[in-house]
$ cat query-v1.txt   # compact mmCIF, C-alpha atoms and all ligand atoms
# COMPACT_ATOMS: atom_id res chain seq x y z
CA MET A 1 112.53 35.69 33.62
CA PRO A 2 115.78 33.75 33.52
CA ALA A 3 115.57 30.00 32.78
CA LYS A 4 116.05 29.21 36.48
CA PRO A 5 114.34 31.16 39.27
CA PRO A 6 116.87 33.53 40.84
CA ASN A 7 118.70 32.46 43.98
CA SER A 8 120.09 35.93 44.61
CA ILE A 9 118.66 39.43 44.15
CA LEU A 10 120.39 42.82 44.47
CA PHE A 11 118.28 45.97 44.87
CA VAL A 12 120.03 49.09 43.58
CA CYS A 13 119.28 52.80 44.07
CA LEU A 14 121.46 55.92 44.06
CA GLY A 15 122.65 56.30 47.66
CA ASN A 16 121.75 52.92 49.25
CA ILE A 17 120.34 54.78 52.25
CA CYS A 18 116.65 55.41 51.39
CA ARG A 19 114.98 53.09 48.86
CA SER A 20 117.14 49.99 48.31
CA PRO A 21 117.67 49.34 52.06
CA LEU A 22 113.87 49.39 52.41
CA ALA A 23 113.52 47.04 49.42
CA GLU A 24 116.10 44.70 50.96
CA GLY A 25 114.35 44.70 54.35
CA VAL A 26 110.79 44.42 53.04
CA PHE A 27 111.56 41.73 50.47
CA LYS A 28 113.50 39.69 53.04
CA SER A 29 110.53 39.96 55.38
CA VAL A 30 108.08 38.89 52.64
CA ILE A 31 110.13 35.86 51.60
CA ASN A 32 110.77 34.88 55.21
CA GLU A 33 107.08 34.21 55.46
CA THR A 34 107.17 32.00 52.36
CA GLY A 35 110.31 30.07 53.36
CA ALA A 36 112.00 30.82 50.00
CA ASP A 37 115.79 30.56 50.14
CA ILE A 38 117.04 33.63 48.27
CA VAL A 39 120.11 35.77 49.01
CA VAL A 40 118.98 39.42 49.15
CA ASP A 41 121.24 42.47 49.31
CA SER A 42 121.25 46.14 48.27
CA ALA A 43 123.76 48.67 46.93
CA GLY A 44 123.97 52.22 45.60
CA THR A 45 125.43 53.41 42.31
CA GLY A 46 126.91 56.42 44.18
CA ALA A 47 129.67 56.50 46.81
CA TRP A 48 128.47 59.35 49.07
CA HIS A 49 127.09 57.24 51.92
CA ILE A 50 129.37 54.18 52.01
CA GLY A 51 129.36 52.68 55.52
CA ASN A 52 126.38 54.73 56.73
CA PRO A 53 123.19 53.30 58.20
CA PRO A 54 119.95 53.87 56.28
CA ASP A 55 118.34 57.32 56.40
CA PRO A 56 116.51 57.71 59.76
CA ARG A 57 113.24 58.18 57.84
CA SER A 58 113.68 54.80 56.11
CA ILE A 59 114.53 53.15 59.44
CA ALA A 60 111.40 54.75 60.97
CA VAL A 61 108.96 53.76 58.24
CA ALA A 62 110.29 50.19 58.22
CA ALA A 63 110.03 50.01 62.04
CA LYS A 64 106.47 51.31 61.88
CA HIS A 65 105.68 48.27 59.74
CA GLY A 66 107.59 45.85 62.00
CA ILE A 67 110.81 45.59 59.97
CA ASP A 68 114.28 46.38 61.39
CA ILE A 69 116.72 47.77 58.80
CA ALA A 70 118.86 49.76 61.28
CA THR A 71 121.87 47.41 61.11
CA GLN A 72 122.24 47.70 57.33
CA ARG A 73 125.23 49.69 56.05
CA ALA A 74 125.43 51.41 52.69
CA ARG A 75 127.79 50.09 50.07
CA GLN A 76 128.50 50.95 46.48
CA LEU A 77 127.72 48.69 43.55
CA HIS A 78 130.81 46.58 42.73
CA PRO A 79 131.68 44.97 39.38
CA SER A 80 131.58 41.52 41.07
CA ASP A 81 127.87 42.10 41.83
CA PHE A 82 127.15 41.31 38.19
CA GLU A 83 128.56 37.81 38.74
CA ARG A 84 127.21 37.29 42.24
CA PHE A 85 123.55 38.16 41.65
CA ASP A 86 121.05 36.40 39.38
CA LEU A 87 118.81 39.46 39.32
CA LEU A 88 119.73 43.15 39.70
CA LEU A 89 116.70 45.38 40.24
CA GLY A 90 116.94 49.16 39.90
CA LEU A 91 114.50 51.22 41.98
CA ASP A 92 114.09 53.81 39.21
CA ARG A 93 114.91 54.09 35.53
CA SER A 94 118.08 56.09 36.11
CA ASN A 95 119.33 53.31 38.42
CA VAL A 96 118.53 50.78 35.67
CA SER A 97 120.44 52.90 33.11
CA ALA A 98 123.45 53.13 35.44
CA LEU A 99 123.33 49.37 36.00
CA ARG A 100 123.09 48.62 32.28
CA THR A 101 126.00 50.96 31.53
CA ARG A 102 128.22 49.20 34.05
CA ALA A 103 127.05 45.64 33.37
CA PRO A 104 129.15 43.32 31.23
CA GLY A 105 127.21 42.28 28.12
CA ASP A 106 126.17 38.88 29.44
CA ALA A 107 124.71 40.45 32.61
CA ARG A 108 122.56 43.12 30.98
CA GLY A 109 119.59 40.76 30.64
CA ARG A 110 119.57 40.28 34.42
CA VAL A 111 119.03 44.01 35.05
CA HIS A 112 115.42 45.14 35.40
CA LEU A 113 113.23 47.90 36.82
CA PHE A 114 111.90 46.60 40.16
CA LEU A 115 108.22 47.58 39.86
CA GLU A 116 108.01 46.52 36.22
CA TYR A 117 109.61 43.15 36.96
CA ALA A 118 107.15 42.75 39.84
CA GLY A 119 104.20 43.21 37.44
CA MET A 120 103.22 46.79 38.37
CA GLY A 121 104.11 48.43 35.06
CA PRO A 122 107.06 50.63 34.07
CA LEU A 123 107.02 52.70 37.27
CA ASP A 124 109.85 54.33 39.24
CA VAL A 125 110.08 54.27 43.03
CA PRO A 126 110.64 58.03 43.43
CA ASP A 127 113.71 59.30 45.28
CA PRO A 128 112.35 60.53 48.66
CA TYR A 129 115.67 61.99 49.94
CA TYR A 130 114.82 65.69 49.57
CA GLY A 131 111.13 65.35 50.48
CA GLY A 132 109.13 64.85 53.67
CA ASP A 133 108.11 61.84 55.75
CA ASP A 134 105.01 61.18 53.62
CA GLY A 135 107.33 60.43 50.68
CA PHE A 136 108.86 57.60 52.70
CA GLU A 137 105.43 56.14 53.45
CA THR A 138 104.60 56.22 49.70
CA VAL A 139 107.92 54.57 48.90
CA TYR A 140 107.29 51.93 51.57
CA ARG A 141 103.86 51.09 50.09
CA MET A 142 105.22 50.81 46.54
CA ILE A 143 108.05 48.57 47.73
CA ARG A 144 105.69 46.42 49.82
CA GLU A 145 103.33 45.84 46.86
CA ALA A 146 106.25 45.13 44.52
CA SER A 147 107.87 42.75 47.01
CA GLU A 148 104.67 40.76 47.29
CA GLY A 149 104.32 40.75 43.48
CA LEU A 150 107.91 39.62 43.03
CA SER A 151 107.57 36.91 45.67
CA ALA A 152 104.40 35.63 43.98
CA LYS A 153 106.07 35.71 40.56
CA LEU A 154 109.08 33.73 41.78
CA GLY A 155 106.90 31.33 43.77
CA ALA A 156 104.58 30.77 40.81
CA ARG A 157 107.62 30.11 38.65
CA ALA A 158 109.10 27.62 41.12
CA ALA A 159 105.79 25.77 41.33
CA SER A 160 105.22 25.49 37.57
CA PRO A 161 106.48 22.51 35.57
CA PRO A 162 109.81 22.96 33.74
P1 LIG A 201 118.41 56.59 47.70
O1 LIG A 201 118.21 58.16 48.04
O2 LIG A 201 119.01 56.54 46.31
O3 LIG A 201 117.01 56.07 47.73
O4 LIG A 201 119.30 56.03 48.78
C1 LIG A 201 119.25 59.09 47.95
C2 LIG A 201 120.09 59.26 49.03
C3 LIG A 201 121.11 60.19 48.98
C4 LIG A 201 121.27 60.95 47.83
C5 LIG A 201 120.43 60.75 46.75
C6 LIG A 201 119.42 59.82 46.82
N1 LIG A 201 122.31 61.92 47.78
O5 LIG A 201 122.37 62.65 46.78
O6 LIG A 201 123.13 62.00 48.70
$ encode --input "query-v1.txt" --output "structure tokens" --more "lines below"
Ligand code: 4NP
Amino acid sequence: MPAKPPNSILFVCLGNICRSPLAEGVFKSVINETGADIVVDSAGTGAWHIGNPPDPRSIAVAAKHGIDIATQRARQLHPSDFERFDLLLGLDRSNVSALRTRAPGDARGRVHLFLEYAGMGPLDVPDPYYGGDDGFETVYRMIREASEGLSAKLGARAASPP
């Protein structure tokens, strides 16, 4: 954990159409309920889907759980993201590697694997792009559990004495 609890979190996957838009939407929904004031965004390391809405299967699984991510648009990770965000969370280990490769030295310590940082162990959120709808439900559940874990971790931190 950084010395101060993060005020801004960027979720990063490969395309920014399947996993990180879900992480952005679910985590925003979780922290909305807690009243925490944290800037949340997502990006992809790749450029293929810039400007596109999330994958229809991600939109559908989010909607099924009461979360609207349809207005999100994919963007690519930008060098300024390493200054703008206190915490950069990769959805899988290859995303974390790509982030660490691109991060300036002083930002590398703010790059983590999402599920690990959320207390679930060194686990990847698997890329569901080439699979079926059940893969998106699995991804949703992993992201939901991790978002609650992350929210609790940040909340516990904020509540503890300096
Ligand atoms: P995401 O999934 O990284 O969770 O957004 C992918 C979406 C598109 C591609 C790969 C992964 N693609 O190769 O186009």
$ closest_residue --input "query-v1.txt" --among "A:Ala63, A:Asn16, A:Ile69, A:Glu83" --to "A:Gly51" --atoms "all atoms listed in the file"
A:Asn16
$ residues_near_point --input "query-v1.txt" --point "(114.0, 55.1, 46.0)" --cutoff "10 Å" --atoms "all atoms listed in the file" --output "list in words"
Val12, Cys13, Leu14, Gly15, Asn16, Ile17, Cys18, Arg19, Ser20, Pro21, Leu22, Ala23, Gly90, Leu91, Asp92, Asn95, Asp124, Val125, Pro126, Asp127, Pro128, Tyr129, Gly135, Phe136, Val139, Tyr140, Met142 and Ile143 of chain A
$ atom_distance --input "query-v1.txt" --atom1 "atom CA of A:His65" --atom2 "atom CA of A:Phe27"
12.8 Å
$ atom_distance --input "query-v1.txt" --atom1 "atom CA of A:Thr138" --atom2 "atom CA of A:Leu154"
24.3 Å
$ axis_aligned_box --input "query-v1.txt" --around "ligand LIG 201 (chain A)" --padding-each-side "8 Å" --output "lines of an AutoDock Vina configuration file"
center_x = 120.1
center_y = 59.3
center_z = 47.7
size_x = 22.1
size_y = 22.6
size_z = 18.7
$ closest_residue --input "query-v1.txt" --among "A:Gly119, A:Pro79, A:Pro54, A:Gly66" --to "ligand LIG 201 (chain A)" --atoms "all atoms listed in the file"
A:Pro54
$ atom_distance --input "query-v1.txt" --atom1 "atom CA of A:Pro53" --atom2 "atom CA of A:Phe85"
22.4 Å
$ residues_around --input "query-v1.txt" --residues "stretch 104-118 of chain A" --least-positions-apart "5" --cutoff "7 Å" --atoms "all atoms listed in the file" --output "MDAnalysis selection string"
chainID A and resid 82 86:93 96 99 123:124 146 149:150
$ closest_residue --input "query-v1.txt" --among "A:Ile9, A:Ala74, A:Ala152, A:Val40" --to "ligand LIG 201 (chain A)" --atoms "only C-alpha atoms and all ligand atoms"
A:Ala74
$ closest_residue --input "query-v1.txt" --among "A:Ala36, A:Met120, A:Leu10, A:Val30" --to "A:Ile67" --atoms "only C-alpha atoms"
A:Val30
$ closest_residue --input "query-v1.txt" --among "A:Val26, A:Ile31, A:Ala98, A:Ala60" --to "A:Ser151" --atoms "all atoms listed in the file"
A:Ile31
$ closest_residue --input "query-v1.txt" --among "A:Thr101, A:Asn7, A:Gln76, A:Ser147" --to "ligand LIG 201 (chain A)" --atoms "all atoms listed in the file"
A:Gln76
$ residues_near_point --input "query-v1.txt" --point "(124.2, 45.3, 52.8)" --cutoff "8 Å" --atoms "all atoms listed in the file" --output "list of chain:residue names"
A:Pro21, A:Asp41, A:Ser42, A:Ala43, A:Gln72, A:Arg73, A:Ala74, A:Arg75
$ decode --input "query-v1.txt" --residues "stretch 57-77 of chain A" --atoms "N, CA and C atoms" --output "PDB file, in the first residue's frame"
ATOM      1  N   ARG A  57     -20.991  -8.681 -24.616  1.00  0.00           N
ATOM      2  CA  ARG A  57     -21.106  -9.674 -23.537  1.00  0.00           C
ATOM      3  C   ARG A  57     -20.744  -9.075 -22.179  1.00  0.00           C
ATOM      4  N   SER A  58     -19.816  -8.112 -22.165  1.00  0.00           N
ATOM      5  CA  SER A  58     -19.506  -7.411 -20.903  1.00  0.00           C
ATOM      6  C   SER A  58     -20.652  -6.486 -20.512  1.00  0.00           C
ATOM      7  N   ILE A  59     -21.217  -5.786 -21.521  1.00  0.00           N
ATOM      8  CA  ILE A  59     -22.365  -4.916 -21.238  1.00  0.00           C
ATOM      9  C   ILE A  59     -23.504  -5.754 -20.657  1.00  0.00           C
ATOM     10  N   ALA A  60     -23.726  -6.949 -21.251  1.00  0.00           N
ATOM     11  CA  ALA A  60     -24.855  -7.795 -20.828  1.00  0.00           C
ATOM     12  C   ALA A  60     -24.656  -8.339 -19.416  1.00  0.00           C
ATOM     13  N   VAL A  61     -23.456  -8.797 -19.101  1.00  0.00           N
ATOM     14  CA  VAL A  61     -23.272  -9.389 -17.771  1.00  0.00           C
ATOM     15  C   VAL A  61     -23.329  -8.293 -16.701  1.00  0.00           C
ATOM     16  N   ALA A  62     -22.832  -7.104 -17.026  1.00  0.00           N
ATOM     17  CA  ALA A  62     -22.941  -5.994 -16.070  1.00  0.00           C
ATOM     18  C   ALA A  62     -24.415  -5.636 -15.862  1.00  0.00           C
ATOM     19  N   ALA A  63     -25.173  -5.526 -16.976  1.00  0.00           N
ATOM     20  CA  ALA A  63     -26.594  -5.159 -16.884  1.00  0.00           C
ATOM     21  C   ALA A  63     -27.380  -6.176 -16.070  1.00  0.00           C
ATOM     22  N   LYS A  64     -27.022  -7.450 -16.249  1.00  0.00           N
ATOM     23  CA  LYS A  64     -27.685  -8.516 -15.493  1.00  0.00           C
ATOM     24  C   LYS A  64     -27.524  -8.311 -13.987  1.00  0.00           C
ATOM     25  N   HIS A  65     -26.410  -7.672 -13.613  1.00  0.00           N
ATOM     26  CA  HIS A  65     -26.148  -7.419 -12.197  1.00  0.00           C
ATOM     27  C   HIS A  65     -26.423  -5.952 -11.827  1.00  0.00           C
ATOM     28  N   GLY A  66     -27.187  -5.261 -12.692  1.00  0.00           N
ATOM     29  CA  GLY A  66     -27.657  -3.914 -12.345  1.00  0.00           C
ATOM     30  C   GLY A  66     -26.659  -2.792 -12.568  1.00  0.00           C
ATOM     31  N   ILE A  67     -25.647  -3.037 -13.403  1.00  0.00           N
ATOM     32  CA  ILE A  67     -24.608  -2.022 -13.626  1.00  0.00           C
ATOM     33  C   ILE A  67     -24.562  -1.676 -15.111  1.00  0.00           C
ATOM     34  N   ASP A  68     -24.609  -0.364 -15.416  1.00  0.00           N
ATOM     35  CA  ASP A  68     -24.612   0.096 -16.814  1.00  0.00           C
ATOM     36  C   ASP A  68     -23.199   0.537 -17.212  1.00  0.00           C
ATOM     37  N   ILE A  69     -22.572  -0.229 -18.128  1.00  0.00           N
ATOM     38  CA  ILE A  69     -21.242   0.184 -18.608  1.00  0.00           C
ATOM     39  C   ILE A  69     -21.283   0.553 -20.093  1.00  0.00           C
ATOM     40  N   ALA A  70     -22.510   0.664 -20.663  1.00  0.00           N
ATOM     41  CA  ALA A  70     -22.656   0.815 -22.121  1.00  0.00           C
ATOM     42  C   ALA A  70     -22.097   2.124 -22.659  1.00  0.00           C
ATOM     43  N   THR A  71     -21.995   3.152 -21.808  1.00  0.00           N
ATOM     44  CA  THR A  71     -21.512   4.454 -22.313  1.00  0.00           C
ATOM     45  C   THR A  71     -19.985   4.573 -22.245  1.00  0.00           C
ATOM     46  N   GLN A  72     -19.318   3.581 -21.666  1.00  0.00           N
ATOM     47  CA  GLN A  72     -17.846   3.634 -21.649  1.00  0.00           C
ATOM     48  C   GLN A  72     -17.302   3.511 -23.078  1.00  0.00           C
ATOM     49  N   ARG A  73     -16.144   4.102 -23.322  1.00  0.00           N
ATOM     50  CA  ARG A  73     -15.462   3.973 -24.611  1.00  0.00           C
ATOM     51  C   ARG A  73     -14.013   3.576 -24.364  1.00  0.00           C
ATOM     52  N   ALA A  74     -13.532   2.648 -25.194  1.00  0.00           N
ATOM     53  CA  ALA A  74     -12.180   2.127 -24.981  1.00  0.00           C
ATOM     54  C   ALA A  74     -11.131   3.196 -25.292  1.00  0.00           C
ATOM     55  N   ARG A  75     -10.094   3.185 -24.499  1.00  0.00           N
ATOM     56  CA  ARG A  75      -8.945   4.047 -24.782  1.00  0.00           C
ATOM     57  C   ARG A  75      -7.676   3.266 -24.483  1.00  0.00           C
ATOM     58  N   GLN A  76      -6.580   3.772 -25.044  1.00  0.00           N
ATOM     59  CA  GLN A  76      -5.301   3.101 -24.808  1.00  0.00           C
ATOM     60  C   GLN A  76      -4.575   3.770 -23.641  1.00  0.00           C
ATOM     61  N   LEU A  77      -3.842   2.967 -22.910  1.00  0.00           N
ATOM     62  CA  LEU A  77      -2.980   3.482 -21.844  1.00  0.00           C
ATOM     63  C   LEU A  77      -2.102   4.600 -22.398  1.00  0.00           C
TER      64      LEU A  77
END
